[in-house]
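Written out below as structure tokens is the structure these notes cover.
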Amino acid sequence: KNKEYDFIGKVPSKLGDLDYFIIYKDKKRISEADLTLAYNKGHSKKLPILLLSSGELSKKTEQYREKNLKGYLIFKKVWKEAWYY
């Protein structure tokens with residue numbers, strides 16, 4: 001029944017494994033408040049944020065992310081079923 005999971009993970013890159021604060025949210029719509037909360041959690045751990053969700057960002061929220069959180073927070077949409085395997 002949990003709708004949110006937080007963990008620290010390593011993401012492979014050409015420079016080597018990078019540490020990220022990873023947040024998964026099971027919501028239809030991700031709001032500016034969700035982005036701000038995610039940013040604050042990651043910032044407190046001094047890590048960049050990878051926000052995964054089964055939902056979408058609204059146009060307004062996407063603009064907010066591009067303007068205020070670019071380089072700090074990455075958003076990726078994932079299918080909910082992928083988490084059950």
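So you can find residues: chains in the structure tokens are A, B, ... in the order shown, residues in each start at 1, and ligands are numbered from 1 in order.
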Which residues, written as a JSON list (two decimals) with N, CA and C atoms, in the first residue's frame, have at least one atom at most 10 Å from stretch 37-39 of chain A, with only C-alpha atoms counted and residues fewer than 5 positions away on the same chain left out?
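The resulting file, result15.json, is shown below:
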[["chain", "number", "residue", "atom", "x", "y", "z"],
["A", 6, "ASP", "N", 11.77, 5.80, -0.92],
["A", 6, "ASP", "CA", 12.99, 6.61, -0.99],
["A", 6, "ASP", "C", 14.18, 5.71, -0.74],
["A", 21, "PHE", "N", 19.90, 10.13, -4.96],
["A", 21, "PHE", "CA", 18.78, 9.91, -4.04],
["A", 21, "PHE", "C", 17.58, 9.63, -4.94],
["A", 22, "ILE", "N", 17.05, 8.42, -4.87],
["A", 22, "ILE", "CA", 16.00, 7.99, -5.78],
["A", 22, "ILE", "C", 14.67, 7.96, -5.03],
["A", 23, "ILE", "N", 13.67, 8.57, -5.64],
["A", 23, "ILE", "CA", 12.32, 8.61, -5.07],
["A", 23, "ILE", "C", 11.36, 8.05, -6.09],
["A", 24, "TYR", "N", 10.53, 7.09, -5.66],
["A", 24, "TYR", "CA", 9.45, 6.58, -6.52],
["A", 24, "TYR", "C", 8.13, 7.02, -5.92],
["A", 31, "SER", "N", 3.04, 17.17, -8.61],
["A", 31, "SER", "CA", 2.86, 18.62, -8.47],
["A", 31, "SER", "C", 4.19, 19.32, -8.17],
["A", 32, "GLU", "N", 4.15, 20.64, -8.20],
["A", 32, "GLU", "CA", 5.33, 21.43, -7.84],
["A", 32, "GLU", "C", 5.73, 21.14, -6.40],
["A", 44, "SER", "N", 19.19, 17.60, 1.46],
["A", 44, "SER", "CA", 19.61, 17.31, 2.84],
["A", 44, "SER", "C", 20.64, 16.18, 2.87],
["A", 45, "LYS", "N", 20.60, 15.30, 1.87],
["A", 45, "LYS", "CA", 21.56, 14.20, 1.78],
["A", 45, "LYS", "C", 22.74, 14.54, 0.87],
["A", 47, "LEU", "N", 22.82, 14.94, -2.39],
["A", 47, "LEU", "CA", 22.83, 14.08, -3.57],
["A", 47, "LEU", "C", 21.88, 14.62, -4.63],
["A", 48, "PRO", "N", 22.17, 14.39, -5.91],
["A", 48, "PRO", "CA", 21.20, 14.73, -6.96],
["A", 48, "PRO", "C", 20.00, 13.78, -6.84],
["A", 49, "ILE", "N", 18.86, 14.18, -7.38],
["A", 49, "ILE", "CA", 17.62, 13.44, -7.20],
["A", 49, "ILE", "C", 17.17, 12.83, -8.52],
["A", 50, "LEU", "N", 16.76, 11.57, -8.45],
["A", 50, "LEU", "CA", 16.13, 10.89, -9.56],
["A", 50, "LEU", "C", 14.72, 10.57, -9.09],
["A", 51, "LEU", "N", 13.73, 11.26, -9.67],
["A", 51, "LEU", "CA", 12.33, 11.07, -9.30],
["A", 51, "LEU", "C", 11.66, 10.19, -10.33],
["A", 69, "LEU", "N", 14.92, 23.67, -11.06],
["A", 69, "LEU", "CA", 15.58, 22.46, -10.56],
["A", 69, "LEU", "C", 16.44, 21.75, -11.61],
["A", 72, "TYR", "N", 19.51, 19.43, -10.90],
["A", 72, "TYR", "CA", 19.39, 18.89, -9.55],
["A", 72, "TYR", "C", 18.41, 17.73, -9.46],
["A", 73, "LEU", "N", 17.38, 17.77, -10.30],
["A", 73, "LEU", "CA", 16.32, 16.78, -10.23],
["A", 73, "LEU", "C", 16.00, 16.25, -11.62]]
Could you write out, as an MDAnalysis selection string, all the residues of chain A that DSSP marks as helix (DSSP H, G or I)?
-> chainID A and resid 32:44 59:68 80:84
Length of the atom CA of A:Ile8 to atom CA of A:Leu57 vector [Å] = 22.7 Å
Hey, what's within 9 Å of A:Arg29 if we count only C-alpha atoms and toss same-chain stuff fewer than 4 positions away? As a PyMOL selection string, please?
-> chain A and resi 53-58
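Shortest atom-to-atom contact with A:Tyr64 among A:Asp34, A:Asp19, A:Asp26, A:Glu4: A:Asp34, counting only C-alpha atoms.
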Between atom CA of A:Tyr5 and atom CA of A:Gly42, what is the distance, to one decimal in Å?
->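 Separation between atom CA of A:Tyr5 and atom CA of A:Gly42: 13.1 Å.
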Using backbone DSSP assignments, extract all strand (DSSP E) residues from chain A; output them as an NGL selection string.
-> :A and (4-11 or 18-25 or 29-30 or 49-53 or 56-57 or 73-77)
